[in-house]
Amino acid sequence: MSQPNRFNPIILLFLTFLLVVAGCREEIDSDHDGSIKESSPELRVLLFEGEGPLVVSVPDGAVIRNDDGEAIYTVPPRYDLVFRQGESGGLLVNGEWLSKRRVTIIPKDGGDEPPRLLVAGSPYRGSLLVRSTEAGSLQFINRIATEDYLRGVLPRETFASWPADALRAQAVVSRSYALARYAEEPKAIYHLHADISSQVYGGYFSEDPRTDAAIKETGGEVLAADGRIITTFFHSTCGGHTAAIDDVWLDAERRPFFSGVECPWCVDSTNHDWTLTVGYDDVYRALATGGYLTAPFIGLQPKTNSRTGRVRSVVFITEGGGSVEVSGNELRRLLGYSELKSTRFSFTASGDNLIFTGEGYGHGVGLCQWGSRGMAAADYGYKEILNYYYPGAGIAQWSAIAPVSLGE
Ligand SMILES: [Zn+2]
């Protein structure tokens with residue numbers, strides 16, 4: 001690549017003058033009033049946080065706006081912007097001081113395909129907020145319209161080859177999840193992570209015409225109850241019964257749509273049944289690392305919700321007669337979420353090992369994705385699928401419930 005990677009200060013000074021005179025303003029923190037009901041919200045998705053440096057490319061050029069919304073630079077085409085944090089905590093770009101805290105990069109022709117904003121080589125729609133934190137890191141936050149965000153989520157959270165109604169169900173679920181997070185704090189620095197801690201978001205590279213169609217066909221639809229968009233948890237495979245939310249997060253409030261339903265639909269999942277063999281020593285080490293035990297345990301007893309089949313917690317008995325209770329979900333974290341695949345398990349002792357026999361993969365709350373696939377293959381529509389896995393929740397246009405859910 002022969003792209004220049006440094007600003008020409010003279011060109012920039014000139015362009016800065018022109019742009020400041022033009023007096024453009026951005027809307028970063030001045031939206032979320034009446035106008036928000038007319039169009040889908042702009043989400044802020046954290047793509048990266050770290051020390052940097054990180055390269056942002058704008059093949060057609062871009063405008064950089066400061067925290068007050070003023071256009072401070074025009075970036076000519078084919079420039080790479082290399083961001084670092086300066087010693088004083090300010091933002092440096094290509095070695096030059098840029099801003100005290102944050103800027104927004106708005107690519108030229110950003111609405112066209114393909115998008116003209118590349119973050120560490122990956123293309124994204126929308127614009128990019130670059131922020132220097134007080135903790136000493138850089139944050140790169142994609143500002144993107146909800147429906148465009150979903151285009152980068154669905155192919156990563158489901159399989160584009162699945163039946164259309166399973167994709168439509170996922171579109172409504174992922175839209176609801178994102179907008180519920182948004183509604184919690186519309187003015188948050190960011191609303192969502194780009195990984196499994198929210199929903200996996202891969203930007204433009206992930207998009208697929210089949211999932212795009214599902215998003216379009218369910219345009220604006222969300223799951224709601226009591227006038228609020230619900231945080232639509234979902235998981236890969238329930239293994240026979242979805243979880244009550246308080247099976248997993250013990251102090252969560254159990255609502256009808258998070259009470260758990262029987263699911264005969266996910267039998268085709270490769271994770272429907274599994275076993276895991278772990279040495280006692282390894283279990284002890286994991287619990288000790290987690291700060292739960294200081295001496296090996298001599299026995300253990302599960303507490304299981306007999307209706308959902310979910311282990312809510314396991315009581316570990318220690319030699320002196322003491323006991324420590326660890327939630328099933330926490331045990332999954334300690335042993336590895338991809339090892340102890342769900343809390344729908346039982347176990348037996350065998351020599352120096354514990355043998356877990358389990359069903360399903362994931363926390364088990366809300367939509368069972370493989371179950372949704374099974375229902376769609378049996379010709380159920382996406383609304384029937386959603387009514388099944390979230391009983392008591394309704395499907396509505398997000399804009400119809402926004403005034404309540406946005407907490408205004
Ligand atoms: Zn299932």
# chains A, B, ... in the order shown; residues from 1 in each chain; ligands from 1
call {"tool": "residues_near_ligand", "arguments": {"ligand": "ligand 1", "cutoff": "12 Å", "atoms": "only C-alpha atoms and all ligand atoms", "output": "ChimeraX atom specification"}}
result
/A:234-243,260-273,308,342,344,359-375,385,388-389
call {"tool": "select_by_dssp", "arguments": {"residues": "region 89-189 of chain A", "states": "alpha helix (DSSP H)", "output": "NGL selection string"}}
result
:A and (146-157 or 164-184)
call {"tool": "residues_around", "arguments": {"residues": "region 193-204 of chain A", "least_positions_apart": "3", "cutoff": "9 Å", "atoms": "only C-alpha atoms", "output": "PyMOL selection string"}}
result
chain A and resi 44-48+114-115+122-125+148-157+174+177-178+190+207
call {"tool": "write_last_selection", "arguments": {"atoms": "C-alpha atoms", "output": "tab-separated table (two decimals), in the first residue's frame"}}
result
chain	number	residue	atom	x	y	z
A	44	ARG	CA	-23.08	3.15	19.92
A	45	VAL	CA	-21.18	-0.11	19.80
A	46	LEU	CA	-17.77	-0.50	21.42
A	47	LEU	CA	-15.55	-2.12	18.79
A	48	PHE	CA	-12.22	-1.90	20.58
A	114	PRO	CA	-19.23	-0.64	0.47
A	115	PRO	CA	-18.86	1.53	3.55
A	122	SER	CA	-12.54	-4.10	8.79
A	123	PRO	CA	-15.31	-2.07	7.11
A	124	TYR	CA	-18.15	-0.59	9.12
A	125	ARG	CA	-21.21	1.41	8.23
A	148	ASP	CA	-27.70	-1.43	9.96
A	149	TYR	CA	-26.25	-2.69	13.23
A	150	LEU	CA	-28.52	-5.75	13.00
A	151	ARG	CA	-27.14	-6.54	9.53
A	152	GLY	CA	-23.74	-7.07	11.15
A	153	VAL	CA	-25.17	-9.06	14.07
A	154	LEU	CA	-27.55	-11.67	12.65
A	155	PRO	CA	-25.03	-13.66	10.57
A	156	ARG	CA	-22.80	-13.88	13.64
A	157	GLU	CA	-25.51	-14.83	16.10
A	174	SER	CA	-31.61	-9.00	18.48
A	177	TYR	CA	-32.03	-6.72	22.96
A	178	ALA	CA	-30.19	-3.77	21.43
A	190	TYR	CA	-21.72	3.23	24.38
A	207	GLU	CA	-23.63	-9.14	6.24
call {"tool": "residues_around", "arguments": {"residues": "Ala169 (chain A)", "least_positions_apart": "3", "cutoff": "10 Å", "atoms": "only C-alpha atoms", "output": "PDB file with all heavy atoms, in the first residue's frame"}}
result
ATOM      1  N   ALA A 164     -36.157 -19.183   6.997  1.00  0.00           N
ATOM      2  CA  ALA A 164     -36.410 -17.731   7.042  1.00  0.00           C
ATOM      3  C   ALA A 164     -37.082 -17.306   8.344  1.00  0.00           C
ATOM      4  O   ALA A 164     -36.752 -16.247   8.896  1.00  0.00           O
ATOM      5  CB  ALA A 164     -37.256 -17.324   5.844  1.00  0.00           C
ATOM      6  N   ASP A 165     -38.016 -18.115   8.867  1.00  0.00           N
ATOM      7  CA  ASP A 165     -38.710 -17.668  10.080  1.00  0.00           C
ATOM      8  C   ASP A 165     -37.824 -17.735  11.325  1.00  0.00           C
ATOM      9  O   ASP A 165     -38.046 -16.986  12.279  1.00  0.00           O
ATOM     10  CB  ASP A 165     -40.021 -18.438  10.269  1.00  0.00           C
ATOM     11  CG  ASP A 165     -41.144 -17.789   9.473  1.00  0.00           C
ATOM     12  OD1 ASP A 165     -41.511 -16.650   9.815  1.00  0.00           O
ATOM     13  OD2 ASP A 165     -41.602 -18.393   8.485  1.00  0.00           O
ATOM     14  N   ALA A 166     -36.817 -18.601  11.318  1.00  0.00           N
ATOM     15  CA  ALA A 166     -35.845 -18.592  12.418  1.00  0.00           C
ATOM     16  C   ALA A 166     -35.009 -17.308  12.347  1.00  0.00           C
ATOM     17  O   ALA A 166     -34.675 -16.714  13.375  1.00  0.00           O
ATOM     18  CB  ALA A 166     -34.948 -19.825  12.345  1.00  0.00           C
ATOM     19  N   VAL A 172     -36.010 -10.014  15.394  1.00  0.00           N
ATOM     20  CA  VAL A 172     -36.818  -9.329  16.409  1.00  0.00           C
ATOM     21  C   VAL A 172     -36.120  -9.404  17.770  1.00  0.00           C
ATOM     22  O   VAL A 172     -36.069  -8.421  18.526  1.00  0.00           O
ATOM     23  CB  VAL A 172     -38.235  -9.946  16.493  1.00  0.00           C
ATOM     24  CG1 VAL A 172     -39.047  -9.286  17.600  1.00  0.00           C
ATOM     25  CG2 VAL A 172     -38.954  -9.803  15.149  1.00  0.00           C
ATOM     26  N   VAL A 173     -35.545 -10.558  18.068  1.00  0.00           N
ATOM     27  CA  VAL A 173     -34.869 -10.755  19.352  1.00  0.00           C
ATOM     28  C   VAL A 173     -33.635  -9.846  19.458  1.00  0.00           C
ATOM     29  O   VAL A 173     -33.429  -9.160  20.465  1.00  0.00           O
ATOM     30  CB  VAL A 173     -34.487 -12.250  19.511  1.00  0.00           C
ATOM     31  CG1 VAL A 173     -33.472 -12.438  20.620  1.00  0.00           C
ATOM     32  CG2 VAL A 173     -35.729 -13.078  19.783  1.00  0.00           C
ATOM     33  N   SER A 174     -32.833  -9.823  18.418  1.00  0.00           N
ATOM     34  CA  SER A 174     -31.614  -9.005  18.477  1.00  0.00           C
ATOM     35  C   SER A 174     -31.940  -7.512  18.476  1.00  0.00           C
ATOM     36  O   SER A 174     -31.264  -6.726  19.142  1.00  0.00           O
ATOM     37  CB  SER A 174     -30.689  -9.338  17.286  1.00  0.00           C
ATOM     38  OG  SER A 174     -30.104 -10.610  17.478  1.00  0.00           O
ATOM     39  N   ARG A 175     -32.982  -7.136  17.747  1.00  0.00           N
ATOM     40  CA  ARG A 175     -33.401  -5.719  17.760  1.00  0.00           C
ATOM     41  C   ARG A 175     -33.893  -5.338  19.151  1.00  0.00           C
ATOM     42  O   ARG A 175     -33.539  -4.283  19.683  1.00  0.00           O
ATOM     43  CB  ARG A 175     -34.503  -5.491  16.716  1.00  0.00           C
ATOM     44  CG  ARG A 175     -34.944  -4.024  16.620  1.00  0.00           C
ATOM     45  CD  ARG A 175     -36.101  -3.839  15.627  1.00  0.00           C
ATOM     46  NE  ARG A 175     -35.717  -4.130  14.259  1.00  0.00           N
ATOM     47  CZ  ARG A 175     -36.146  -5.201  13.557  1.00  0.00           C
ATOM     48  NH1 ARG A 175     -36.988  -6.059  14.103  1.00  0.00           N
ATOM     49  NH2 ARG A 175     -35.744  -5.386  12.325  1.00  0.00           N
ATOM     50  N   ALA A 214     -34.481 -10.821   6.464  1.00  0.00           N
ATOM     51  CA  ALA A 214     -35.221 -11.045   7.718  1.00  0.00           C
ATOM     52  C   ALA A 214     -35.345  -9.747   8.517  1.00  0.00           C
ATOM     53  O   ALA A 214     -36.374  -9.491   9.154  1.00  0.00           O
ATOM     54  CB  ALA A 214     -34.515 -12.122   8.548  1.00  0.00           C
ATOM     55  N   ILE A 215     -34.308  -8.939   8.484  1.00  0.00           N
ATOM     56  CA  ILE A 215     -34.337  -7.654   9.201  1.00  0.00           C
ATOM     57  C   ILE A 215     -35.360  -6.724   8.556  1.00  0.00           C
ATOM     58  O   ILE A 215     -36.172  -6.085   9.227  1.00  0.00           O
ATOM     59  CB  ILE A 215     -32.926  -7.026   9.204  1.00  0.00           C
ATOM     60  CG1 ILE A 215     -31.978  -7.890  10.043  1.00  0.00           C
ATOM     61  CG2 ILE A 215     -32.968  -5.594   9.723  1.00  0.00           C
ATOM     62  CD1 ILE A 215     -30.507  -7.665   9.741  1.00  0.00           C
ATOM     63  N   THR A 218     -39.064  -7.724   9.170  1.00  0.00           N
ATOM     64  CA  THR A 218     -39.551  -7.501  10.545  1.00  0.00           C
ATOM     65  C   THR A 218     -39.278  -6.057  10.972  1.00  0.00           C
ATOM     66  O   THR A 218     -39.229  -5.771  12.163  1.00  0.00           O
ATOM     67  CB  THR A 218     -38.833  -8.445  11.536  1.00  0.00           C
ATOM     68  OG1 THR A 218     -37.417  -8.167  11.473  1.00  0.00           O
ATOM     69  CG2 THR A 218     -39.079  -9.898  11.200  1.00  0.00           C
ATOM     70  N   VAL A 222     -40.302  -5.255  17.815  1.00  0.00           N
ATOM     71  CA  VAL A 222     -39.620  -5.659  19.049  1.00  0.00           C
ATOM     72  C   VAL A 222     -40.585  -6.437  19.929  1.00  0.00           C
ATOM     73  O   VAL A 222     -41.797  -6.409  19.712  1.00  0.00           O
ATOM     74  CB  VAL A 222     -39.106  -4.436  19.850  1.00  0.00           C
ATOM     75  CG1 VAL A 222     -37.971  -3.743  19.115  1.00  0.00           C
ATOM     76  CG2 VAL A 222     -40.244  -3.462  20.154  1.00  0.00           C
ATOM     77  N   LEU A 367     -35.074 -17.197  24.129  1.00  0.00           N
ATOM     78  CA  LEU A 367     -35.158 -17.982  22.890  1.00  0.00           C
ATOM     79  C   LEU A 367     -34.099 -19.080  22.852  1.00  0.00           C
ATOM     80  O   LEU A 367     -32.919 -18.822  23.081  1.00  0.00           O
ATOM     81  CB  LEU A 367     -34.949 -17.057  21.689  1.00  0.00           C
ATOM     82  CG  LEU A 367     -35.048 -17.734  20.305  1.00  0.00           C
ATOM     83  CD1 LEU A 367     -36.511 -17.919  19.912  1.00  0.00           C
ATOM     84  CD2 LEU A 367     -34.304 -16.937  19.242  1.00  0.00           C
ATOM     85  N   GLN A 369     -32.247 -21.006  20.283  1.00  0.00           N
ATOM     86  CA  GLN A 369     -32.059 -20.763  18.846  1.00  0.00           C
ATOM     87  C   GLN A 369     -32.238 -22.034  18.013  1.00  0.00           C
ATOM     88  O   GLN A 369     -32.847 -21.997  16.950  1.00  0.00           O
ATOM     89  CB  GLN A 369     -30.670 -20.178  18.593  1.00  0.00           C
ATOM     90  CG  GLN A 369     -30.526 -18.762  19.142  1.00  0.00           C
ATOM     91  CD  GLN A 369     -29.122 -18.237  18.931  1.00  0.00           C
ATOM     92  OE1 GLN A 369     -28.156 -18.822  19.406  1.00  0.00           O
ATOM     93  NE2 GLN A 369     -28.994 -17.139  18.219  1.00  0.00           N
ATOM     94  N   SER A 372     -35.831 -22.643  17.824  1.00  0.00           N
ATOM     95  CA  SER A 372     -36.442 -21.749  16.847  1.00  0.00           C
ATOM     96  C   SER A 372     -36.253 -22.308  15.435  1.00  0.00           C
ATOM     97  O   SER A 372     -37.182 -22.318  14.611  1.00  0.00           O
ATOM     98  CB  SER A 372     -35.795 -20.367  16.975  1.00  0.00           C
ATOM     99  OG  SER A 372     -36.128 -19.544  15.890  1.00  0.00           O
ATOM    100  N   ARG A 373     -35.071 -22.823  15.182  1.00  0.00           N
ATOM    101  CA  ARG A 373     -34.797 -23.454  13.884  1.00  0.00           C
ATOM    102  C   ARG A 373     -35.732 -24.652  13.669  1.00  0.00           C
ATOM    103  O   ARG A 373     -36.303 -24.836  12.587  1.00  0.00           O
ATOM    104  CB  ARG A 373     -33.338 -23.912  13.834  1.00  0.00           C
ATOM    105  CG  ARG A 373     -32.970 -24.696  12.590  1.00  0.00           C
ATOM    106  CD  ARG A 373     -31.525 -25.197  12.738  1.00  0.00           C
ATOM    107  NE  ARG A 373     -31.099 -26.006  11.609  1.00  0.00           N
ATOM    108  CZ  ARG A 373     -31.292 -27.325  11.495  1.00  0.00           C
ATOM    109  NH1 ARG A 373     -31.934 -27.972  12.457  1.00  0.00           N
ATOM    110  NH2 ARG A 373     -30.865 -27.976  10.448  1.00  0.00           N
ATOM    111  N   ALA A 376     -39.277 -23.427  12.983  1.00  0.00           N
ATOM    112  CA  ALA A 376     -39.378 -22.854  11.630  1.00  0.00           C
ATOM    113  C   ALA A 376     -39.390 -23.970  10.583  1.00  0.00           C
ATOM    114  O   ALA A 376     -40.136 -23.908   9.596  1.00  0.00           O
ATOM    115  CB  ALA A 376     -38.225 -21.885  11.379  1.00  0.00           C
ATOM    116  N   GLY A 381     -44.473 -19.851  12.066  1.00  0.00           N
ATOM    117  CA  GLY A 381     -44.010 -18.520  11.704  1.00  0.00           C
ATOM    118  C   GLY A 381     -43.224 -17.885  12.846  1.00  0.00           C
ATOM    119  O   GLY A 381     -43.286 -18.358  13.991  1.00  0.00           O
ATOM    120  N   TYR A 382     -42.499 -16.807  12.542  1.00  0.00           N
ATOM    121  CA  TYR A 382     -41.638 -16.218  13.580  1.00  0.00           C
ATOM    122  C   TYR A 382     -42.431 -15.665  14.754  1.00  0.00           C
ATOM    123  O   TYR A 382     -41.952 -15.678  15.892  1.00  0.00           O
ATOM    124  CB  TYR A 382     -40.699 -15.162  12.979  1.00  0.00           C
ATOM    125  CG  TYR A 382     -41.352 -13.837  12.618  1.00  0.00           C
ATOM    126  CD1 TYR A 382     -41.302 -12.766  13.498  1.00  0.00           C
ATOM    127  CD2 TYR A 382     -41.971 -13.651  11.391  1.00  0.00           C
ATOM    128  CE1 TYR A 382     -41.869 -11.548  13.178  1.00  0.00           C
ATOM    129  CE2 TYR A 382     -42.550 -12.436  11.056  1.00  0.00           C
ATOM    130  CZ  TYR A 382     -42.500 -11.377  11.959  1.00  0.00           C
ATOM    131  OH  TYR A 382     -43.065 -10.173  11.637  1.00  0.00           O
ATOM    132  N   LYS A 383     -43.652 -15.210  14.507  1.00  0.00           N
ATOM    133  CA  LYS A 383     -44.446 -14.685  15.632  1.00  0.00           C
ATOM    134  C   LYS A 383     -44.864 -15.817  16.570  1.00  0.00           C
ATOM    135  O   LYS A 383     -44.891 -15.652  17.785  1.00  0.00           O
ATOM    136  CB  LYS A 383     -45.664 -13.915  15.113  1.00  0.00           C
ATOM    137  CG  LYS A 383     -45.247 -12.621  14.409  1.00  0.00           C
ATOM    138  CD  LYS A 383     -46.421 -11.767  13.998  1.00  0.00           C
ATOM    139  CE  LYS A 383     -45.898 -10.501  13.335  1.00  0.00           C
ATOM    140  NZ  LYS A 383     -46.945  -9.606  12.854  1.00  0.00           N
ATOM    141  N   GLU A 384     -45.173 -16.969  15.983  1.00  0.00           N
ATOM    142  CA  GLU A 384     -45.515 -18.139  16.814  1.00  0.00           C
ATOM    143  C   GLU A 384     -44.285 -18.584  17.616  1.00  0.00           C
ATOM    144  O   GLU A 384     -44.392 -18.963  18.784  1.00  0.00           O
ATOM    145  CB  GLU A 384     -46.012 -19.287  15.933  1.00  0.00           C
ATOM    146  CG  GLU A 384     -47.364 -19.009  15.285  1.00  0.00           C
ATOM    147  CD  GLU A 384     -47.715 -20.062  14.241  1.00  0.00           C
ATOM    148  OE1 GLU A 384     -47.044 -20.127  13.194  1.00  0.00           O
ATOM    149  OE2 GLU A 384     -48.668 -20.811  14.494  1.00  0.00           O
ATOM    150  N   ILE A 385     -43.142 -18.544  16.987  1.00  0.00           N
ATOM    151  CA  ILE A 385     -41.907 -18.933  17.677  1.00  0.00           C
ATOM    152  C   ILE A 385     -41.660 -18.002  18.868  1.00  0.00           C
ATOM    153  O   ILE A 385     -41.379 -18.451  19.994  1.00  0.00           O
ATOM    154  CB  ILE A 385     -40.704 -18.880  16.705  1.00  0.00           C
ATOM    155  CG1 ILE A 385     -40.869 -19.939  15.600  1.00  0.00           C
ATOM    156  CG2 ILE A 385     -39.390 -19.062  17.460  1.00  0.00           C
ATOM    157  CD1 ILE A 385     -39.859 -19.811  14.458  1.00  0.00           C
ATOM    158  N   LEU A 386     -41.806 -16.715  18.628  1.00  0.00           N
ATOM    159  CA  LEU A 386     -41.535 -15.745  19.698  1.00  0.00           C
ATOM    160  C   LEU A 386     -42.570 -15.858  20.816  1.00  0.00           C
ATOM    161  O   LEU A 386     -42.227 -15.760  21.997  1.00  0.00           O
ATOM    162  CB  LEU A 386     -41.498 -14.330  19.119  1.00  0.00           C
ATOM    163  CG  LEU A 386     -40.338 -14.085  18.147  1.00  0.00           C
ATOM    164  CD1 LEU A 386     -40.502 -12.751  17.438  1.00  0.00           C
ATOM    165  CD2 LEU A 386     -38.991 -14.144  18.880  1.00  0.00           C
TER     166      LEU A 386
END
call {"tool": "residues_around", "arguments": {"residues": "Leu92 (chain A)", "least_positions_apart": "6", "cutoff": "12 Å", "atoms": "only C-alpha atoms", "output": "ChimeraX atom specification"}}
result
/A:6-7,52-55,81-86,98-103,130-132,138
call {"tool": "write_last_selection", "arguments": {"atoms": "C-alpha atoms", "output": "PDB file, in the first residue's frame"}}
result
ATOM      1  CA  ARG A   6       0.630  11.349   7.994  1.00  0.00           C
ATOM      2  CA  PHE A   7      -1.291  14.579   7.811  1.00  0.00           C
ATOM      3  CA  GLY A  52      -3.611   1.403  20.615  1.00  0.00           C
ATOM      4  CA  PRO A  53      -2.257   2.406  18.259  1.00  0.00           C
ATOM      5  CA  LEU A  54      -5.193   1.689  15.995  1.00  0.00           C
ATOM      6  CA  VAL A  55      -5.472   2.518  12.314  1.00  0.00           C
ATOM      7  CA  LEU A  81      -5.323   7.785  10.639  1.00  0.00           C
ATOM      8  CA  VAL A  82      -3.170   6.234  13.355  1.00  0.00           C
ATOM      9  CA  PHE A  83      -4.603   6.970  16.809  1.00  0.00           C
ATOM     10  CA  ARG A  84      -2.656   6.945  20.042  1.00  0.00           C
ATOM     11  CA  GLN A  85      -3.149   8.410  23.478  1.00  0.00           C
ATOM     12  CA  GLY A  86      -0.821  11.281  24.327  1.00  0.00           C
ATOM     13  CA  LEU A  98      -5.982  16.194  17.929  1.00  0.00           C
ATOM     14  CA  SER A  99      -8.348  16.602  20.835  1.00  0.00           C
ATOM     15  CA  LYS A 100      -8.576  16.622  24.594  1.00  0.00           C
ATOM     16  CA  ARG A 101     -10.960  13.681  24.833  1.00  0.00           C
ATOM     17  CA  ARG A 102     -12.886  12.524  21.796  1.00  0.00           C
ATOM     18  CA  VAL A 103     -13.681  13.066  18.142  1.00  0.00           C
ATOM     19  CA  VAL A 130     -12.711   7.783  19.019  1.00  0.00           C
ATOM     20  CA  ARG A 131     -12.340   8.422  22.715  1.00  0.00           C
ATOM     21  CA  SER A 132      -9.466   8.740  25.113  1.00  0.00           C
ATOM     22  CA  LEU A 138      -8.563   4.372  23.682  1.00  0.00           C
TER      23      LEU A 138
END
